[in-house]
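Engineer: Provided below: entry-v7.cif, containing mmCIF, C-alpha atoms.
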```
data_work
loop_
_atom_site.label_atom_id
_atom_site.label_comp_id
_atom_site.auth_asym_id
_atom_site.auth_seq_id
_atom_site.Cartn_x
_atom_site.Cartn_y
_atom_site.Cartn_z
CA MET A 2 9.35 49.25 15.62
CA SER A 3 7.42 48.85 12.43
CA ILE A 4 5.96 45.41 12.49
CA ILE A 5 5.79 45.03 8.75
CA LYS A 6 3.07 44.97 6.21
CA THR A 7 2.64 41.21 6.62
CA ASN A 8 0.82 42.01 9.81
CA ASP A 9 -1.68 44.24 8.08
CA MET A 10 -2.52 41.48 5.67
CA ASN A 11 -3.37 39.23 8.57
CA LEU A 12 -1.12 36.45 7.44
CA THR A 13 -0.77 33.44 9.62
CA LEU A 14 2.31 31.33 10.03
CA MET A 15 0.70 28.75 7.80
CA ASP A 16 1.05 31.18 4.90
CA PHE A 17 4.82 30.88 5.03
CA ASP A 18 6.89 27.98 3.80
CA GLY A 19 9.07 27.78 6.85
CA PRO A 20 11.06 30.21 8.98
CA LEU A 21 13.44 31.20 6.18
CA ASP A 22 10.50 32.18 4.01
CA LEU A 23 9.24 34.38 6.82
CA LEU A 24 12.70 35.96 7.22
CA LEU A 25 12.90 36.61 3.47
CA ASN A 26 9.50 38.25 3.56
CA LEU A 27 10.58 40.48 6.42
CA ILE A 28 13.72 41.44 4.49
CA LYS A 29 11.71 42.21 1.38
CA ASP A 30 9.03 44.19 3.19
CA ASN A 31 11.63 46.32 4.89
CA LYS A 32 13.68 46.68 1.73
CA MET A 33 16.76 45.46 3.54
CA ASP A 34 19.93 44.52 1.72
CA ILE A 35 20.77 40.89 2.40
CA MET A 36 24.48 41.38 1.88
CA ASN A 37 24.56 44.17 4.49
CA LEU A 38 21.90 42.77 6.70
CA ASP A 39 21.08 44.47 9.98
CA ILE A 40 20.67 41.19 11.75
CA LEU A 41 19.56 42.70 15.05
CA SER A 42 16.72 44.63 13.51
CA LEU A 43 15.70 41.54 11.54
CA ALA A 44 15.84 39.40 14.68
CA ASN A 45 13.71 41.91 16.56
CA GLN A 46 11.10 41.94 13.83
CA TYR A 47 11.03 38.16 13.55
CA LEU A 48 10.65 37.75 17.29
CA ALA A 49 8.00 40.46 17.43
CA TYR A 50 6.11 38.69 14.68
CA ILE A 51 6.33 35.32 16.40
CA TYR A 52 5.31 36.96 19.70
CA ASP A 53 2.39 38.57 17.96
CA LYS A 54 1.26 35.17 16.71
CA LYS A 55 1.88 33.38 19.97
CA ASN A 56 -1.75 32.45 20.39
CA GLU A 57 -2.01 30.65 17.11
CA ILE A 58 1.28 28.80 17.40
CA ASN A 59 0.97 25.09 17.63
CA ILE A 60 4.22 23.54 18.83
CA GLU A 61 3.86 20.62 16.44
CA THR A 62 3.46 22.70 13.32
CA ALA A 63 5.47 25.73 14.32
CA GLY A 64 8.45 24.02 15.94
CA GLU A 65 10.76 25.14 13.16
CA TYR A 66 9.68 28.77 13.59
CA LEU A 67 10.47 28.61 17.27
CA LEU A 68 13.83 27.00 16.56
CA MET A 69 14.67 29.94 14.29
CA ALA A 70 13.51 32.31 17.01
CA ALA A 71 15.91 30.62 19.43
CA THR A 72 18.74 30.92 16.89
CA LEU A 73 18.04 34.62 16.50
CA ILE A 74 17.95 35.14 20.25
CA ASN A 75 21.28 33.34 20.42
CA ILE A 76 22.76 35.70 17.82
CA LYS A 77 21.35 38.73 19.61
CA SER A 78 22.77 37.61 22.93
CA LYS A 79 26.20 37.10 21.33
CA LYS A 80 26.10 40.71 20.18
CA MET A 81 25.13 41.96 23.63
CA MET A 82 27.76 39.86 25.32
CA ALA A 83 30.30 41.35 22.99
CA PHE A 84 29.89 44.72 24.64
CA ALA A 85 30.12 43.36 28.11
CA ASP A 86 32.90 40.85 27.81
CA ASN A 87 36.02 40.28 25.77
CA PHE A 88 35.02 42.40 22.81
CA GLU A 89 37.09 40.86 20.02
CA THR A 90 36.41 37.16 20.42
CA LYS A 91 32.73 37.70 21.03
CA THR A 92 32.42 39.96 18.03
CA SER A 93 33.94 37.36 15.76
CA GLU A 94 31.64 34.75 17.25
CA PHE A 95 28.71 37.03 16.52
CA ASP A 96 29.91 37.59 12.97
CA PHE A 97 30.32 33.87 12.47
CA GLU A 98 26.75 33.16 13.57
CA LYS A 99 25.46 36.05 11.53
CA ASP A 100 27.24 34.93 8.36
CA LYS A 101 25.98 31.42 8.88
CA LEU A 102 22.41 32.66 8.99
CA ILE A 103 22.86 34.94 5.98
CA LYS A 104 24.34 32.05 4.03
CA GLN A 105 21.31 29.96 4.90
CA ILE A 106 18.96 32.70 3.79
CA LEU A 107 20.85 33.17 0.52
CA GLU A 108 20.97 29.44 -0.15
CA TYR A 109 17.23 29.23 0.41
CA LYS A 110 16.59 32.32 -1.70
CA LYS A 111 18.48 30.70 -4.57
CA TYR A 112 15.87 27.95 -4.84
CA LYS A 113 12.98 30.26 -4.10
CA ASP A 114 14.02 32.55 -6.95
CA VAL A 115 14.19 29.71 -9.44
CA LEU A 116 10.58 28.65 -8.82
CA PRO A 117 8.99 31.20 -11.18
CA LYS A 118 11.26 29.91 -13.95
CA LEU A 119 10.17 26.35 -13.22
CA ILE A 120 6.52 27.38 -13.27
CA GLN A 121 7.20 29.08 -16.60
CA LYS A 122 8.57 25.76 -17.91
CA PHE A 123 5.52 23.99 -16.54
CA ASN A 124 3.17 26.40 -18.34
CA LYS A 125 5.16 26.12 -21.55
CA ARG A 126 4.84 22.34 -21.41
CA LEU A 127 1.03 22.72 -21.42
CA ASN A 128 1.27 23.97 -25.01
CA TYR A 129 2.22 20.52 -26.25
CA PHE A 130 -0.72 18.22 -26.69
CA SER A 131 -0.73 14.46 -27.00
CA LYS A 132 -3.25 11.66 -26.98
CA ASN A 133 -3.95 8.93 -24.48
CA SER A 134 -1.93 5.78 -24.82
CA ASP A 135 -3.50 2.91 -26.75
CA ASN A 136 -1.79 0.54 -24.36
CA ILE A 137 -5.00 -0.31 -22.56
CA GLU A 138 -5.47 -3.88 -21.46
CA GLU A 139 -9.22 -4.04 -22.00
CA VAL A 140 -8.97 -3.71 -25.75
CA TYR A 141 -6.69 -6.70 -26.20
CA PRO A 142 -8.51 -9.70 -27.65
CA VAL A 143 -8.65 -12.64 -25.27
CA ASN A 144 -6.89 -15.02 -27.62
CA LYS A 145 -4.22 -12.63 -28.62
CA ASN A 146 -1.80 -13.84 -31.20
CA ILE A 147 0.50 -10.99 -30.39
CA SER A 148 3.41 -12.20 -28.37
CA PHE A 149 5.38 -9.58 -26.57
CA LYS A 150 9.08 -9.71 -27.01
CA MET A 151 10.75 -9.87 -23.65
CA PRO A 152 13.67 -7.53 -23.03
CA ASN A 153 17.13 -9.03 -22.50
CA GLN A 154 17.63 -7.01 -19.40
CA ILE A 155 15.45 -4.84 -17.30
CA SER A 156 16.09 -2.01 -14.87
CA ILE A 157 15.11 -2.44 -11.23
CA ASP A 158 12.75 0.44 -11.64
CA LYS A 159 10.76 -1.25 -14.39
CA LEU A 160 10.77 -4.56 -12.59
CA TYR A 161 9.36 -2.84 -9.53
CA LYS A 162 6.61 -1.23 -11.59
CA ALA A 163 5.80 -4.53 -13.28
CA MET A 164 5.56 -6.29 -9.92
CA GLN A 165 3.37 -3.51 -8.63
CA ASN A 166 1.01 -4.05 -11.54
CA VAL A 167 0.94 -7.79 -10.90
CA PHE A 168 0.12 -7.27 -7.24
CA GLU A 169 -2.51 -4.70 -8.10
CA ASN A 170 -4.25 -7.12 -10.48
CA TRP A 171 -3.92 -9.95 -8.01
CA LYS A 172 -5.46 -7.83 -5.27
CA ASN A 173 -8.33 -6.89 -7.56
CA ASP A 174 -8.94 -10.55 -8.40
CA ILE A 175 -9.13 -11.45 -4.74
CA LEU A 176 -11.54 -8.63 -4.08
CA ILE A 177 -13.77 -9.72 -6.95
CA ASN A 178 -13.84 -13.35 -5.85
CA GLN A 179 -14.36 -12.66 -2.21
CA LYS A 180 -17.83 -12.93 -0.80
CA ILE A 181 -19.02 -11.49 2.41
CA ILE A 182 -21.08 -14.04 4.26
CA VAL A 183 -23.58 -12.67 6.67
CA GLN A 184 -24.72 -15.23 9.16
CA GLU A 185 -28.08 -14.56 10.61
CA LEU A 186 -28.87 -15.97 13.98
CA SER A 187 -32.26 -16.09 15.57
CA PHE A 188 -32.55 -16.25 19.32
CA GLU A 189 -34.97 -19.18 19.02
CA ASP A 190 -32.33 -21.28 17.25
CA VAL A 191 -29.73 -20.43 19.83
CA GLU A 192 -32.16 -21.15 22.66
CA LYS A 193 -32.78 -24.59 21.19
CA ASP A 194 -29.03 -25.11 20.98
CA VAL A 195 -28.69 -24.22 24.64
CA ILE A 196 -31.44 -26.58 25.75
CA ARG A 197 -30.07 -29.36 23.55
CA ILE A 198 -26.62 -29.10 25.04
CA LEU A 199 -27.94 -28.86 28.59
CA ASP A 200 -30.14 -31.93 28.06
CA LYS A 201 -27.29 -33.89 26.56
CA LYS A 202 -25.15 -33.13 29.56
CA ASN A 203 -27.82 -33.47 32.17
CA LYS A 204 -25.91 -36.09 34.13
CA GLN A 205 -24.52 -33.22 36.05
CA SER A 206 -27.44 -30.97 36.71
CA LYS A 207 -25.32 -27.84 36.36
CA ILE A 208 -22.69 -26.81 33.96
CA SER A 209 -20.40 -23.80 33.93
CA PHE A 210 -20.75 -21.21 31.24
CA SER A 211 -17.27 -21.83 29.84
CA THR A 212 -17.83 -25.60 29.67
CA PHE A 213 -21.09 -24.88 27.97
CA LEU A 214 -19.37 -22.85 25.29
CA SER A 215 -16.88 -25.66 24.69
CA PHE A 216 -19.78 -27.87 23.57
CA VAL A 217 -20.98 -25.40 20.99
CA ASP A 218 -20.06 -26.26 17.42
CA PRO A 219 -16.82 -24.30 16.85
CA ILE A 220 -17.98 -23.26 13.39
CA ASN A 221 -20.79 -21.31 14.99
CA LEU A 222 -18.58 -19.59 17.51
CA SER A 223 -18.33 -15.92 16.76
CA ASN A 224 -18.89 -12.72 18.60
CA GLN A 225 -22.33 -12.63 17.13
CA TYR A 226 -23.11 -16.14 18.40
CA PHE A 227 -21.74 -15.29 21.81
CA VAL A 228 -24.02 -12.31 22.10
CA ALA A 229 -27.03 -14.25 20.83
CA CYS A 230 -26.23 -17.02 23.27
CA PHE A 231 -26.07 -14.63 26.17
CA VAL A 232 -29.40 -13.08 25.26
CA ALA A 233 -30.88 -16.57 24.83
CA LEU A 234 -29.73 -17.54 28.31
CA LEU A 235 -31.31 -14.43 29.76
CA GLU A 236 -34.54 -15.27 27.94
CA LEU A 237 -34.49 -18.80 29.31
CA VAL A 238 -33.96 -17.49 32.82
CA LYS A 239 -36.85 -15.11 32.36
CA TYR A 240 -39.19 -17.97 31.40
CA GLY A 241 -37.90 -20.12 34.25
CA LYS A 242 -36.39 -22.81 32.08
CA ILE A 243 -32.93 -22.52 33.54
CA LEU A 244 -31.22 -21.06 36.52
CA LEU A 245 -28.05 -19.03 36.48
CA PHE A 246 -25.92 -18.72 39.57
CA GLN A 247 -22.53 -17.71 40.69
CA LYS A 248 -20.74 -18.54 43.91
CA GLN A 249 -18.65 -15.41 44.06
CA MET A 250 -17.97 -12.35 42.03
CA SER A 251 -15.83 -13.11 39.01
CA ASP A 252 -16.39 -16.82 39.52
CA ASP A 253 -17.67 -19.02 36.71
CA ILE A 254 -21.32 -18.65 35.97
CA TYR A 255 -23.18 -21.96 36.29
CA ILE A 256 -26.22 -22.89 34.29
CA GLU A 257 -28.72 -25.29 35.76
CA ARG A 258 -31.57 -26.85 33.84
CA LEU A 259 -34.75 -26.69 35.82
CA LYS A 260 -36.26 -30.17 35.80
CA GLY A 261 -39.86 -31.01 35.11
CA GLU A 262 -40.39 -28.31 32.53
CA ASN A 263 -40.39 -29.05 28.89
CA TYR A 264 -39.28 -26.60 26.40
CA GLU A 265 -40.93 -26.92 23.10
CA MET B 22 9.91 -1.95 -43.82
CA ASN B 23 11.12 1.47 -42.92
CA ASN B 24 12.29 1.86 -39.34
CA LEU B 25 11.39 5.55 -39.27
CA SER B 26 7.86 4.69 -40.22
CA ILE B 27 7.62 2.02 -37.52
CA ILE B 28 8.99 4.37 -34.86
CA GLU B 29 6.51 7.04 -35.91
CA SER B 30 3.62 4.59 -35.58
CA ILE B 31 4.78 3.41 -32.17
CA LEU B 32 5.19 6.95 -30.91
CA TYR B 33 1.67 7.72 -32.05
CA ALA B 34 0.24 4.61 -30.38
CA VAL B 35 1.90 5.13 -27.01
CA GLY B 36 0.74 8.77 -26.95
CA LEU B 37 1.35 10.61 -23.71
CA ASP B 38 2.96 7.59 -22.05
CA GLY B 39 5.94 7.96 -24.34
CA ILE B 40 8.40 5.14 -24.84
CA GLU B 41 11.95 4.40 -23.83
CA ILE B 42 14.57 3.70 -26.44
CA SER B 43 15.42 0.47 -24.64
CA ASP B 44 11.82 -0.62 -25.23
CA LEU B 45 12.05 0.25 -28.91
CA LYS B 46 15.04 -2.06 -29.06
CA ARG B 47 12.69 -4.95 -28.39
CA VAL B 48 10.83 -4.10 -31.58
CA PHE B 49 13.86 -4.01 -33.82
CA ASP B 50 15.70 -7.26 -33.45
CA GLY B 51 19.42 -6.85 -33.19
CA ILE B 52 19.55 -3.14 -33.91
CA GLU B 53 21.72 -1.15 -31.56
CA VAL B 54 20.32 1.57 -29.32
CA ASP B 55 22.54 4.17 -30.99
CA ILE B 56 21.04 3.46 -34.38
CA ILE B 57 17.51 3.68 -33.00
CA ARG B 58 18.38 6.96 -31.32
CA ALA B 59 19.78 8.27 -34.59
CA ASP B 60 16.57 7.24 -36.35
CA ILE B 61 14.49 9.11 -33.79
CA LYS B 62 16.71 12.16 -34.28
CA LYS B 63 16.15 11.87 -38.05
CA LEU B 64 12.40 11.76 -37.50
CA GLN B 65 12.64 14.70 -35.09
CA LEU B 66 14.52 16.72 -37.70
CA LYS B 67 12.02 15.75 -40.38
CA TYR B 68 9.14 17.15 -38.34
CA GLU B 69 11.11 20.23 -37.48
CA ASN B 70 11.82 21.03 -41.12
CA ASP B 71 8.37 20.17 -42.36
CA GLU B 72 6.25 23.28 -41.90
CA GLN B 73 3.19 21.36 -42.96
CA SER B 74 3.49 18.84 -40.13
CA GLY B 75 1.84 19.49 -36.80
CA PHE B 76 4.03 17.19 -34.77
CA VAL B 77 7.18 17.45 -32.79
CA ILE B 78 9.27 14.79 -31.06
CA LYS B 79 10.46 15.52 -27.55
CA PHE B 80 12.72 13.74 -25.10
CA PHE B 81 11.61 13.92 -21.46
CA GLY B 82 14.02 12.02 -19.25
CA SER B 83 14.37 8.56 -20.76
CA LYS B 84 11.05 8.83 -22.60
CA VAL B 85 10.43 9.84 -26.21
CA LEU B 86 7.09 11.44 -27.00
CA LEU B 87 5.21 12.53 -30.08
CA LEU B 88 3.47 15.82 -29.35
CA THR B 89 1.73 18.57 -31.25
CA LYS B 90 3.74 21.63 -32.16
CA GLU B 91 3.91 24.40 -29.62
CA GLU B 92 3.08 27.16 -32.10
CA ASN B 93 -0.24 25.46 -32.84
CA ALA B 94 -1.22 25.41 -29.19
CA SER B 95 -3.58 28.39 -29.31
CA PHE B 96 -5.47 26.80 -32.22
CA VAL B 97 -5.64 23.36 -30.67
CA ALA B 98 -6.80 24.86 -27.40
CA LYS B 99 -9.81 26.39 -29.12
CA LEU B 100 -11.26 22.92 -29.65
CA VAL B 101 -9.48 20.68 -27.19
CA HIS B 102 -9.90 21.56 -23.59
CA ILE B 103 -7.37 19.99 -21.36
CA LYS B 104 -8.00 20.54 -17.73
CA THR B 105 -4.79 20.67 -15.85
CA LYS B 106 -4.71 20.21 -12.17
CA ASN B 107 -1.52 21.26 -10.52
CA PRO B 108 -1.20 19.44 -7.21
CA LEU B 109 2.11 21.11 -6.47
CA THR B 110 1.91 23.63 -3.68
CA ASN B 111 4.67 26.13 -3.21
CA ALA B 112 6.22 24.00 -0.49
CA LEU B 113 6.14 20.89 -2.68
CA LEU B 114 7.62 22.77 -5.62
CA GLU B 115 10.42 24.13 -3.46
CA THR B 116 11.22 20.66 -2.16
CA LEU B 117 11.09 19.24 -5.67
CA ALA B 118 13.43 21.94 -6.97
CA ILE B 119 15.94 21.30 -4.20
CA ILE B 120 15.91 17.55 -4.94
CA ALA B 121 16.27 18.15 -8.67
CA TYR B 122 19.23 20.51 -8.31
CA ASN B 123 20.99 18.35 -5.74
CA GLN B 124 20.15 14.85 -6.84
CA PRO B 125 20.78 12.27 -5.64
CA CYS B 126 19.50 14.09 -2.60
CA THR B 127 18.76 13.13 0.99
CA LYS B 128 15.97 14.41 3.21
CA THR B 129 18.56 16.04 5.45
CA LYS B 130 19.85 18.16 2.58
CA VAL B 131 16.35 19.52 1.98
CA GLN B 132 15.87 20.10 5.69
CA GLU B 133 19.15 22.03 5.82
CA ILE B 134 18.05 24.36 3.05
CA ARG B 135 14.39 24.83 3.91
CA LYS B 136 14.76 24.59 7.69
CA ILE B 137 11.53 22.68 7.88
CA ASP B 138 10.76 18.98 8.20
CA PRO B 139 10.46 17.68 4.62
CA SER B 140 8.98 14.24 5.42
CA PHE B 141 5.49 15.14 4.36
CA ALA B 142 6.65 16.73 1.12
CA PHE B 143 8.77 13.67 0.27
CA GLU B 144 5.86 11.38 0.93
CA LYS B 145 3.59 13.45 -1.26
CA LEU B 146 6.13 13.75 -4.09
CA GLU B 147 6.75 10.01 -4.06
CA GLU B 148 3.01 9.45 -4.17
CA LEU B 149 2.80 11.76 -7.18
CA ASN B 150 5.59 9.70 -8.73
CA LEU B 151 7.76 12.78 -9.18
CA ILE B 152 10.66 11.51 -7.12
CA GLN B 153 11.97 8.04 -6.51
CA ASN B 154 14.11 6.35 -3.96
CA ILE B 155 17.29 5.08 -5.56
CA GLY B 156 18.99 3.43 -2.62
CA ARG B 157 21.07 4.58 0.30
CA ALA B 158 24.03 6.89 0.65
CA THR B 159 27.30 5.51 2.01
CA SER B 160 27.54 8.37 4.50
CA PRO B 161 26.91 7.68 8.22
CA GLY B 162 23.37 6.58 8.94
CA SER B 163 23.10 5.54 5.28
CA PRO B 164 20.15 7.84 4.52
CA PHE B 165 17.87 7.23 1.54
CA LEU B 166 18.78 8.95 -1.70
CA TYR B 167 16.14 10.40 -3.96
CA GLN B 168 16.10 11.60 -7.54
CA VAL B 169 13.46 12.95 -9.87
CA THR B 170 11.56 10.66 -12.25
CA ASP B 171 10.73 10.81 -15.95
CA LYS B 172 7.39 12.26 -14.92
CA PHE B 173 9.22 15.24 -13.47
CA PHE B 174 10.97 15.88 -16.80
CA ASN B 175 7.67 15.47 -18.61
CA LEU B 176 5.90 17.86 -16.24
CA PHE B 177 8.41 20.64 -16.87
CA GLY B 178 9.08 19.71 -20.49
CA ILE B 179 12.80 19.25 -20.15
CA LYS B 180 15.10 16.53 -21.39
CA ASN B 181 17.43 16.23 -18.44
CA ILE B 182 18.75 17.94 -15.33
CA LYS B 183 21.09 20.12 -17.38
CA GLN B 184 18.08 21.84 -18.92
CA LEU B 185 16.83 23.11 -15.57
CA PRO B 186 16.98 26.91 -15.30
CA LYS B 187 20.30 28.05 -13.90
CA LEU B 188 20.49 28.78 -10.22
CA GLU B 189 21.74 32.23 -9.41
CA ASP B 190 25.37 32.13 -8.43
CA ILE B 191 25.88 33.64 -5.06
CA ASN B 192 29.29 34.71 -3.98
CA PHE B 193 29.39 33.65 -0.37
CA ASP B 194 32.90 35.06 -0.01
CA GLY B 195 31.46 38.53 -0.06
CA ILE B 196 29.72 37.92 3.23
CA ASN B 197 32.78 36.64 4.99
CA GLN B 198 34.78 39.63 3.92
CA GLU B 199 32.26 42.05 5.32
CA ASP B 200 34.49 42.72 8.32
CA PHE B 201 37.24 43.74 6.00
CA PHE B 202 35.02 46.18 4.16
CA ASP B 203 33.71 47.63 7.38
CA ALA B 204 37.25 48.20 8.53
CA ASN B 205 38.03 50.00 5.28
CA ARG B 206 35.08 52.24 5.70
CA GLU B 207 36.17 53.27 9.14
CA GLN B 208 39.55 54.27 7.80
CA GLU B 209 37.96 56.50 5.24
#
```
Output the file's structure in the form of structure tokens.

Structural biologist:
Amino acid sequence: MSIIKTNDMNLTLMDFDGPLDLLLNLIKDNKMDIMNLDILSLANQYLAYIYDKKNEINIETAGEYLLMAATLINIKSKKMMAFADNFETKTSEFDFEKDKLIKQILEYKKYKDVLPKLIQKFNKRLNYFSKNSDNIEEVYPVNKNISFKMPNQISIDKLYKAMQNVFENWKNDILINQKIIVQELSFEDVEKDVIRILDKKNKQSKISFSTFLSFVDPINLSNQYFVACFVALLELVKYGKILLFQKQMSDDIYIERLKGENYE
Amino acid sequence: MNNLSIIESILYAVGLDGIEISDLKRVFDGIEVDIIRADIKKLQLKYENDEQSGFVIKFFGSKVLLLTKEENASFVAKLVHIKTKNPLTNALLETLAIIAYNQPCTKTKVQEIRKIDPSFAFEKLEELNLIQNIGRATSPGSPFLYQVTDKFFNLFGIKNIKQLPKLEDINFDGINQEDFFDANREQE
């Protein structure tokens, strides 16, 4: 079997626009006549090509190619069955499937063949020049005396575009007016906070970590504060100002202020 | 005031955006669309007959544009460099063509013809503003219907769908009758 010129050119599946494109290429390379298509030979070549590329096939991107392969195998099997079984009915079934596929190929070819003409139109259009629109908002004076005449009716399409513009401007306004506030926390400040709260609540000598957090000014509460607070607690433990303990694993952590030491 | 003169000025000012006749109606109080259209046609004819003018008026979809004449293109291009970027890949162009020839067109229709999932192409074409969603079909599952936009007509320089190049007519009957021909051949 001659596995086509496409192979010599080292094309990958990605170079084709779908399974029908690949089939059309095979037909063209082998100078086959679509109207009298030897579907079995075409199927063999397609399958051989897919088999050849089996290592580069990614199910997600090549699913359609595999589906076509399955269709072709189905057609082939119908032909083989025709010899074995009831010849007439199976033959007509085979012809039906074959015609269906040829129709698909022809239908696809119809659009593929028109593309060069469209590209020709596209290139012809490039010969007409025009200038940019003067409808640019920036050049309008602020106190414009020009009043736009509103249309009596408006298509949904235009309304949609107008709303899109409004939202776009609105979004830009918000972005311009928004400030990003960066809160800087020093461990010293947080440490003082911790001591202050512990001293205020020193009727009970110990206090659980979650109760402690409930006394913190809610405005300050943020991930950043939480982290700073945790580091501050560790610092305080290190210098012997407080004691941290836990009765069991995953129990609340208690903080105890060590008496008799002043923290400046 | 001469309406032709006003239209000419407006067409110049809007440039490559073009303008819709319904928008021109807002300029001329109480003048019917047909009359405005006739005026534009008059202007179009005037440019066409005037060999000394470098302009031409074109209709792309619902938009009217004032452009330079095609035969001057090679001269204009010597001084004015317009970089064109064509974002349309072969796959996108194929999808676009299928939508244009079958509009209003569903995704399924494109899938049937190309045998490949068209979702990405639709997304991309909508992003490029070349196709638009115009509602849902009444068929089961009420799929979205799409059609091409004015930008599509502008891109290919055509006035409407009728001006698309003709699709080759394929006689599908020939395929179905293949059996018959085969039988004939055997008899010979």

Engineer: Would you compute the distance between atom CA of Leu86 of chain B and atom CA of Val48 of chain B? Give it in Å to one decimal.

Structural biologist: 16.6 Å

Engineer: What separation in Å, quoted to one decimal, exists between atom CA of Cys230 of chain A and atom CA of Val191 of chain A?

Structural biologist: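 Calculated distance between atom CA of Cys230 of chain A and atom CA of Val191 of chain A is 6.0 Å.
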
Engineer: Compute the chain A side of the contact with chain B at 9 Å, counting all atoms listed in the file, and hand it back as a PyMOL selection string.

Structural biologist: chain A and resi 17-22+36-37+64-66+69+96-97+100+103-109+111-116+118-136+149-153+158

Engineer: Measure the distance from atom CA of Pro164 of chain B to atom CA of Lys128 of chain B in Å and round it to one decimal.

Structural biologist: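 Going from atom CA of Pro164 of chain B over to atom CA of Lys128 of chain B, I get 7.9 Å.
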
Engineer: Selection in question (the file shown): the PyMOL selection byres ((chain A and resi 254) around 9). Which residues does it include, as a ChimeraX atom specification?

Structural biologist: /A:208-211,245-248,251-253,255-256

Engineer: Using C-alpha atoms, can you export the residues from the last selection as a CSV table (one decimal), in the frame of the given file?

Structural biologist:
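That gives us selection.csv:
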```csv
chain,number,residue,atom,x,y,z
A,208,ILE,CA,-22.7,-26.8,34.0
A,209,SER,CA,-20.4,-23.8,33.9
A,210,PHE,CA,-20.8,-21.2,31.2
A,211,SER,CA,-17.3,-21.8,29.8
A,245,LEU,CA,-28.0,-19.0,36.5
A,246,PHE,CA,-25.9,-18.7,39.6
A,247,GLN,CA,-22.5,-17.7,40.7
A,248,LYS,CA,-20.7,-18.5,43.9
A,251,SER,CA,-15.8,-13.1,39.0
A,252,ASP,CA,-16.4,-16.8,39.5
A,253,ASP,CA,-17.7,-19.0,36.7
A,255,TYR,CA,-23.2,-22.0,36.3
A,256,ILE,CA,-26.2,-22.9,34.3
```

Engineer: Can you tell me which residues surround segment 144-151 of chain B at a distance of at most 6 Å, considering only C-alpha atoms, apart from same-chain residues fewer than 4 positions away, and format the answer as a ChimeraX atom specification?

Structural biologist: /B:169-170,172-173

Engineer: Please report, as AutoDock Vina command-line options, the centre and edge lengths in Å to one decimal of an axis-aligned box covering all listed atoms of segment 130-136 of chain B with 8 Å per side.

Structural biologist:
```
--center_x 17.1 --center_y 21.5 --center_z 4.8 --size_x 21.5 --size_y 22.7 --size_z 21.7
```

Engineer: Starting from the displayed file, determine the output of the PyMOL selection byres ((chain B and resi 57) around 9) and express the residue list as a list in words.

Structural biologist: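 Evaluating the PyMOL selection byres ((chain B and resi 57) around 9) on these coordinates yields Asn24, Leu25, Ile28, Ile42, Leu45, Lys46, Phe49, Ile52, Glu53, Val54, Asp55, Ile56, Arg58, Ala59, Asp60, Ile61 and Lys62 of chain B.
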